[in-house]
Every structure is written in C-alpha cells, then in structure tokens.
Amino acid sequence: MDVLIRLPRARFADTIRCMAKYEPFGVIPLSDRQWPSHSLTKAPVWCSVDLRDGNQALRAPMSVEQKLEFFDLLVRIGFKEIEVGFPASNDTEYTFVRRLIDEGRIPDDVTIQVLSQARGHLVKQTMQAVAGAKNVIFHLYNAISPVHREFTFGKSKDELVALAVEGVKNIQQYASLAGEGVTIRLEYSPEDFSGAETDFAVDICSAVIDAWEPTPSNPLILNLPTTVEHAMANVYADQVELFIRGIESRAFSSIESAPVKRGAVIISLHNHNDRGTGVACCELGLLAGATRVEGTLFGNGERTGNLDIVTVALNMKTQGVDPCLDFSHIIDIVSAYTRLTGMAVPPRQPYGGELVFTAFSGSHQDAIRKALSARTHANKPDARWDIPYLPIDPRDVGRQYQEIIRVNAQSGKGGAAWVLEQEYGILLPKGMLASVGAAVKKQADYRQRELEPSEVFAIFKAGWLNTSSPLSVLDLAETHVDGSDASDNVLCRAGVLWQGEKYAIGAKGNGPLAAFAAALEQTPVPRFTISAFHEHAIGEGSDTEAMAYVELSFTDGSRHWGCGRSTNIGRAGVYAIVSAINRV
Ligand code: KIV
Ligand code: ZN
C-alpha cells in the first residue's frame, strides 16, 4: 500500500489533497468561530510540567535532590499545580514523590499531579506513590490520533475509548490506596489531540466524563495537547473551540449538560513547539475558551520543547493582566534552571535571555535613551510603559536596559568611553573622549577587527593611566603646614626621575596637586598650568580607589590629559599630572 494513502491525510472534508511528501493540514469546519474576537483578561491556572515532561527530555534526568530543589523553585514562582512525575515509571520518580509527601514539602495550596497510563498495575503503583498527599491530580492519557491508532497501537477508535474508560475505572478502583482524606482529581489527555479528528476527541472525552462523573466541586480536567504541532496556531484555536462546543452539546447520562460552562470540566492546554508556535497556540487556545495551561520554564521539553510558561505569563503582564506568577528575579530563575537541568537559556530567549534587554544599534539606543530619560524626568514610575524597542520594563523582571556599543574602526569616541565605564567603572571627562577614542580607533583599524573590552582598557592604561616615562615619581611625602597662609598649607617633597635623571624637589601649595606642580618647576619638565581636574571613586568597600583626571596647559599652547589611580586621592592627582606630562 502507498504510504501516502496510509498516512492520516484529509482529516477534514475540505483538506486540499495532493500526492506529495507533505500536504496542507487542512482547515477546521468552523465558519462562525468566536475566538478571534475574544481577549485575554485573566491568568489561566498554570501547571508546571518541568518535573515530568521537561525532565523526561533531559539527556541526564534530574536526581531526586535536584527535583526537590526544582520543586521548591516552582513553588516560589507561584505554581499551584505541579506535575511531579510518572511515579510508576522508575525508582527516582517514585522516591521523589514519596519524599515530597513524607517530608511535608508540599504547601497546602499546591496540588501535585502524577502521570500514568490506563493499565491497572500502573494506576495501582501511582496511587501508592501519592498515598498521604493532600491534593492530587491523577493524569491519565492515551494517544488518539490516526497515526497512533494505526502504527503505535493497531487499535480502533472503539478500542481506544474502552482503554480510556478502563483507565478511569482503575483510578476509581484503586483510589482508596491513596488513603483517607486525599482529594483526587482526574485529568485526561487525548494525546496528539492536534493530530486527531476533533469529533473523535469529543467522543473519547465524553466517555471519560460519563465514567468519572465530574462535578463543579471536583471538576475533570480535559487537557488538549499539541503533542506535535501539525498546523498553524489558528487551526489549533479552531480545534479547541470546536472541541468545547462538541463537549457542551453532548448529553451525558450522569451529569448535567454544558459541563464546561458549569465548571464541572476544565479545558487545559498542553502545547509543544515543533513549528515554533507553542506560545501562539497557547494564547489562541486561551482565546478559544481554555482556562488552564501546562508548560515548562523556558520551554524545556521533548524535541523543540514544551510551551514556555515564562513567555506566556510575561506576555500577559505586558498587556496589563496579572499573570499571578513571580518572575521578578528572572536571572536567578535562569541560573537555577540551567544548573539543575543542564540546559541553556539562549541569549535571545524572550524575557530571560542574556541579550533581550540589550540594544546594539545606535538608532535603537538613541530612541530608548531619549524615551527612558523622558520617563525619568516625568517621575511617574507607574505611568504607562511606552518605551520604544522594550515591550516590558526590564526592572519588572529584575533586569536593566543595557546598551552595547561595538568598538571597532567605525565606532565613535563614545564607544570606548562606554566600555571603560560599563566594564571598568572609569568615567572619562568629556575633554578626554576624543584622544582616548582616537587611540582605540587606530588600534581597531590596525588589527582590522572589533576590540574586546580588555583591549580597550589596555590601550587606555598604556596611554594614560599611571604612566611612568619619561617622568616617574620615586617617592612622595606631603605635609600639612599648620598656621601658614591658607594658600600655601601643603608641603610636598618628592623624588622624581625625568629622562633618566633623578631630582629631589619640594614646594608648598594650596593642596597636594598645586604643591607637586610647584615642586616640578625645580626640574626641566615642560612648564604648565592645571586647566581642568576631575575625580571619582572606583570600586567598593575596602577596595575603593580614587581616579583623578588632570588637564595640563603647556606654555607652547598644547593641552594634555592624564589619569592617575591610587588608594590615596592626593596621590591619584599627582599621578594624573605625571601622566599628562608623559603625553607631551
Ligand atoms: O505532549 C503530550 O501529549 C503529553 C501528554 C502525556 C499529555 O505530554
Ligand atoms: Zn507533552
């Protein structure tokens, strides 16, 4: 038989058929779809599946200790539903669930969720794993799509319905193993919902509803996975809307009609990201009527991953909807996540990536800088956020806007100054920018490449910072002279080396700089006056040092800047004078 014919093509009547390796998915027969005119006004119930779906996709699954730490992180973020694993699948999963319960680590308002297939022995073992917990969601699943019916199970639709109902009955039968006082809710996932006929998904879920008999006080969760993304996000939204309509229109033997509207059935989304549209599918699925979302931090999960809950939640925040999850210290979450999973968060991952609050382009930087400065001057921290290029205030996720200036032969003088400031805390005075910028540019041009911050610093250091040739200070002593004229109250004595000759010098002045400058007149160094002076502290605590910048005007009309750094502010100024003379 031709494999193309055996594949589940033409799921819907109006699918365009073409005998090619790939075919269009088709459209959903829904002409009066409502979801496009809905909007999101409330956060869904979030369920983290990091410890199950995310964990099963790791090269090295997390250990019990790592899972315990991850669980605590999820609780701190604010998840109230957490899928903790597939306890019947292996010892680590089982032990982890037991430790959560036995060590009283599950807060009262958090419900753990455990996954199992329908078979009796798995259900039994899963019930034993959750014995003693307060609130449990038992997550039952089986794949329902044509590819799975045909290739994976070789089962008919009726046989799959029977399997799902058997799973429900097993849960009912073994529920007592979880002990008295445990509230067990059921979640049923028709796996590969997005690749299945929506009317069959309605059939199998209706059979589950009838078997479980949910009520608004113990609602059933129907979870609709894009186990694999097969089509565009609008198709998934149509599937969700069509599914909900199908469930609402069914007559059930055991429960009232319209179970979704009445709260006996909760519609949940579980998106993967094969087409890179997990977030879009989730957002449109919410518009289509779902009120619960399963996903993982930063989208960890099989293949291209699960839905990134961080992105969906923070997208909501940017629309003024409180996501009810706390990502105000996202960098801490990134580092815990990378440490525990061994996965990386790419630099351009929305909200959490290293570069998402960084602008490289000069025009972007300019626009952001102007808008941020207007916002600062308006001094209304709660005013509407409308900064170009930044959809969210970086501070709301514990971050800062960062300009990145590339330092290469095309860079302006600001580039080197920015790097020295950002990386080394050096605040060059305006008058120094041109000469430092020119030296850096010359080197970049010579090396024919972009310069690293360390290279920019090395150029600055060699040319300006505490330089010692042809003039250097061998020793220096300053004394405050009591009772003398205020303009002459510092006595400076120094030994200096000028072009290889030693000089012992001394003079008074109205400060260490003036006294040293006066003393230098006893040597052959070019004559000068101090025309500008700047200083600032650098470093913190006991490592604090002084940076001094001095501009000297020489008798030949030239002007030169120098820079000195020392733990002693007076010495930093003296070294700055020496450095300026060394630039002549
Ligand atoms: O992606 C999926 O279909 C799943 C199910 C177990 C819900 O992870
Ligand atoms: Zn999944």
# chains A, B, ... in the order shown; residues from 1 in each chain; ligands from 1

call {"tool": "closest_atom_pairs", "arguments": {"of": "region 294-377 of chain A", "to": "region 78-81 of chain A", "cutoff": "12 Å", "atoms": "only C-alpha atoms", "output": "CSV"}}
result
residue,atom,partner,partner_atom,distance
A:Glu294,CA,A:Glu81,CA,9.2
A:Gly295,CA,A:Glu81,CA,11.1
A:Thr296,CA,A:Phe79,CA,10.9
A:Leu297,CA,A:Phe79,CA,11.2
A:Ile309,CA,A:Phe79,CA,10.7
A:Val310,CA,A:Phe79,CA,11.7
A:Ala313,CA,A:Phe79,CA,11.7
A:Pro323,CA,A:Gly78,CA,9.9
A:Cys324,CA,A:Gly78,CA,7.0
A:Leu325,CA,A:Gly78,CA,5.1
A:Asp326,CA,A:Gly78,CA,6.3
A:Phe327,CA,A:Gly78,CA,9.3
A:Ser328,CA,A:Gly78,CA,11.6

call {"tool": "residues_near_ligand", "arguments": {"ligand": "ligand 1", "cutoff": "10 Å", "atoms": "only C-alpha atoms and all ligand atoms", "output": "PyMOL selection string"}}
result
chain A and resi 49+52-54+56+86+115-117+139-143+187-194+223-229+269-272+294-295+301-302+305-306

call {"tool": "select_by_dssp", "arguments": {"residues": "region 40-118 of chain A", "states": "strand (DSSP E)", "output": "PyMOL selection string"}}
result
chain A and resi 45-48+81-85+111-116

call {"tool": "residues_around", "arguments": {"residues": "Leu177 (chain A)", "least_positions_apart": "2", "cutoff": "10 Å", "atoms": "only C-alpha atoms", "output": "CSV table (one decimal) with N, CA and C atoms, in the first residue's frame"}}
result
chain,number,residue,atom,x,y,z
A,124,LYS,N,-2.3,1.4,40.0
A,124,LYS,CA,-2.1,1.0,41.4
A,124,LYS,C,-0.9,1.5,42.0
A,125,GLN,N,0.2,1.4,41.3
A,125,GLN,CA,1.5,1.8,41.8
A,125,GLN,C,1.5,3.4,41.9
A,126,THR,N,0.8,4.0,41.0
A,126,THR,CA,0.8,5.5,41.1
A,126,THR,C,0.0,6.0,42.3
A,127,MET,N,-1.1,5.2,42.6
A,127,MET,CA,-1.9,5.6,43.8
A,127,MET,C,-1.0,5.4,45.1
A,128,GLN,N,-0.2,4.3,45.1
A,128,GLN,CA,0.6,4.0,46.3
A,128,GLN,C,1.6,5.1,46.4
A,129,ALA,N,2.1,5.7,45.3
A,129,ALA,CA,3.1,6.7,45.3
A,129,ALA,C,2.6,8.0,45.9
A,130,VAL,N,1.3,8.3,45.7
A,130,VAL,CA,0.8,9.6,46.2
A,130,VAL,C,0.1,9.4,47.6
A,131,ALA,N,0.1,8.2,48.2
A,131,ALA,CA,-0.6,8.0,49.5
A,131,ALA,C,-0.1,9.0,50.5
A,132,GLY,N,-1.1,9.7,51.1
A,132,GLY,CA,-0.8,10.6,52.2
A,132,GLY,C,-0.7,12.1,51.7
A,171,ILE,N,-8.7,4.0,38.2
A,171,ILE,CA,-8.4,5.0,39.1
A,171,ILE,C,-9.5,5.0,40.3
A,173,GLN,N,-11.1,2.4,41.2
A,173,GLN,CA,-10.9,1.2,41.9
A,173,GLN,C,-9.8,1.3,43.0
A,174,TYR,N,-8.7,1.9,42.5
A,174,TYR,CA,-7.5,1.9,43.4
A,174,TYR,C,-7.4,3.2,44.2
A,175,ALA,N,-8.4,4.1,44.1
A,175,ALA,CA,-8.3,5.4,44.8
A,175,ALA,C,-8.0,5.3,46.3
A,179,GLY,N,-5.2,6.5,50.4
A,179,GLY,CA,-5.5,6.8,51.8
A,179,GLY,C,-6.7,7.8,52.0
A,180,GLU,N,-7.1,7.8,53.2
A,180,GLU,CA,-8.2,8.7,53.6
A,180,GLU,C,-7.8,10.2,53.4
A,182,VAL,N,-7.4,12.1,51.0
A,182,VAL,CA,-6.8,12.6,49.8
A,182,VAL,C,-7.8,13.0,48.8

call {"tool": "closest_residue", "arguments": {"among": "A:Ala378, A:Ile209, A:Ala537, A:Met343", "to": "Ala57 (chain A)", "atoms": "only C-alpha atoms"}}
result
A:Met343

call {"tool": "select_by_dssp", "arguments": {"residues": "region 337-368 of chain A", "states": "helix (DSSP H, G or I)", "output": "PyMOL selection string"}}
result
chain A and resi 337-341+362-368

call {"tool": "residues_around", "arguments": {"residues": "Ile368 (chain A)", "least_positions_apart": "2", "cutoff": "7 Å", "atoms": "only C-alpha atoms", "output": "ChimeraX atom specification"}}
result
/A:364-366,370-372,387-389

call {"tool": "residues_around", "arguments": {"residues": "Asp543 (chain A)", "least_positions_apart": "6", "cutoff": "12 Å", "atoms": "only C-alpha atoms", "output": "PDB file with N, CA and C atoms, in the first residue's frame"}}
result
ATOM      1  N   ALA A 537      35.369  58.087  42.749  1.00  0.00           N
ATOM      2  CA  ALA A 537      35.797  56.849  43.419  1.00  0.00           C
ATOM      3  C   ALA A 537      35.549  55.688  42.466  1.00  0.00           C
ATOM      4  N   SER A 566      44.818  55.696  42.606  1.00  0.00           N
ATOM      5  CA  SER A 566      45.511  55.349  43.846  1.00  0.00           C
ATOM      6  C   SER A 566      44.483  55.220  44.962  1.00  0.00           C
ATOM      7  N   THR A 567      44.906  54.542  46.040  1.00  0.00           N
ATOM      8  CA  THR A 567      44.016  54.488  47.201  1.00  0.00           C
ATOM      9  C   THR A 567      44.012  55.835  47.917  1.00  0.00           C
ATOM     10  N   ASN A 568      44.970  56.678  47.571  1.00  0.00           N
ATOM     11  CA  ASN A 568      45.067  57.997  48.204  1.00  0.00           C
ATOM     12  C   ASN A 568      44.687  59.056  47.162  1.00  0.00           C
TER      13      ASN A 568
END

call {"tool": "residues_around", "arguments": {"residues": "region 500-513 of chain A", "least_positions_apart": "2", "cutoff": "9 Å", "atoms": "only C-alpha atoms", "output": "number ranges by chain"}}
result
A: 470-471, 474, 478-481, 485-498, 515-523, 530, 570-571, 573-574, 577

call {"tool": "write_last_selection", "arguments": {"atoms": "C-alpha atoms", "output": "PDB file, in the first residue's frame"}}
result
ATOM      1  CA  PRO A 470      59.804  59.884  30.748  1.00  0.00           C
ATOM      2  CA  LEU A 471      58.624  61.165  34.170  1.00  0.00           C
ATOM      3  CA  LEU A 474      60.195  57.678  43.099  1.00  0.00           C
ATOM      4  CA  GLU A 478      53.044  65.625  51.738  1.00  0.00           C
ATOM      5  CA  THR A 479      52.788  67.530  54.982  1.00  0.00           C
ATOM      6  CA  HIS A 480      50.080  69.881  56.126  1.00  0.00           C
ATOM      7  CA  VAL A 481      51.730  73.027  57.360  1.00  0.00           C
ATOM      8  CA  ASP A 485      48.895  81.044  54.758  1.00  0.00           C
ATOM      9  CA  ALA A 486      45.810  79.028  53.604  1.00  0.00           C
ATOM     10  CA  SER A 487      47.014  79.214  50.018  1.00  0.00           C
ATOM     11  CA  ASP A 488      50.276  77.526  50.956  1.00  0.00           C
ATOM     12  CA  ASN A 489      49.247  74.927  53.518  1.00  0.00           C
ATOM     13  CA  VAL A 490      50.621  71.732  51.911  1.00  0.00           C
ATOM     14  CA  LEU A 491      54.314  70.980  51.662  1.00  0.00           C
ATOM     15  CA  CYS A 492      55.252  68.392  49.050  1.00  0.00           C
ATOM     16  CA  ARG A 493      58.636  66.661  48.984  1.00  0.00           C
ATOM     17  CA  ALA A 494      59.332  64.197  46.196  1.00  0.00           C
ATOM     18  CA  GLY A 495      61.995  62.270  44.383  1.00  0.00           C
ATOM     19  CA  VAL A 496      61.314  62.105  40.646  1.00  0.00           C
ATOM     20  CA  LEU A 497      63.011  60.586  37.645  1.00  0.00           C
ATOM     21  CA  TRP A 498      62.915  62.659  34.447  1.00  0.00           C
ATOM     22  CA  ALA A 515      52.387  71.763  45.776  1.00  0.00           C
ATOM     23  CA  PHE A 516      53.620  68.965  43.481  1.00  0.00           C
ATOM     24  CA  ALA A 517      53.102  71.141  40.355  1.00  0.00           C
ATOM     25  CA  ALA A 518      55.147  73.917  42.019  1.00  0.00           C
ATOM     26  CA  ALA A 519      57.879  71.444  43.013  1.00  0.00           C
ATOM     27  CA  LEU A 520      58.174  70.198  39.410  1.00  0.00           C
ATOM     28  CA  GLU A 521      59.349  73.703  38.467  1.00  0.00           C
ATOM     29  CA  GLN A 522      62.663  72.657  40.045  1.00  0.00           C
ATOM     30  CA  THR A 523      63.103  70.131  37.203  1.00  0.00           C
ATOM     31  CA  ILE A 530      46.439  72.846  35.621  1.00  0.00           C
ATOM     32  CA  GLY A 570      46.121  63.221  46.635  1.00  0.00           C
ATOM     33  CA  ARG A 571      48.435  60.680  45.010  1.00  0.00           C
ATOM     34  CA  GLY A 573      46.067  63.615  41.355  1.00  0.00           C
ATOM     35  CA  VAL A 574      49.875  63.624  41.386  1.00  0.00           C
ATOM     36  CA  ILE A 577      49.856  65.230  36.467  1.00  0.00           C
TER      37      ILE A 577
END

call {"tool": "residues_around", "arguments": {"residues": "Ser553 (chain A)", "least_positions_apart": "4", "cutoff": "7 Å", "atoms": "only C-alpha atoms", "output": "list in words"}}
result
Phe528, Thr529, Ile530, Ser531, Gly557, Ser558, Arg559 and His560 of chain A

call {"tool": "closest_residue", "arguments": {"among": "A:His534, A:Arg583, A:Lys441, A:Arg303", "to": "ligand 2", "atoms": "only C-alpha atoms and all ligand atoms"}}
result
A:Arg303

call {"tool": "atom_distance", "arguments": {"atom1": "CA of Leu74 (chain A)", "atom2": "CA of Pro87 (chain A)"}}
result
19.0 Å

call {"tool": "closest_residue", "arguments": {"among": "A:Ala367, A:Ile204, A:Ile581, A:Leu307", "to": "ligand 2", "atoms": "only C-alpha atoms and all ligand atoms"}}
result
A:Leu307

call {"tool": "closest_residue", "arguments": {"among": "A:Glu83, A:Glu403, A:Asp72, A:Asp332", "to": "Pro107 (chain A)", "atoms": "only C-alpha atoms"}}
result
A:Asp72
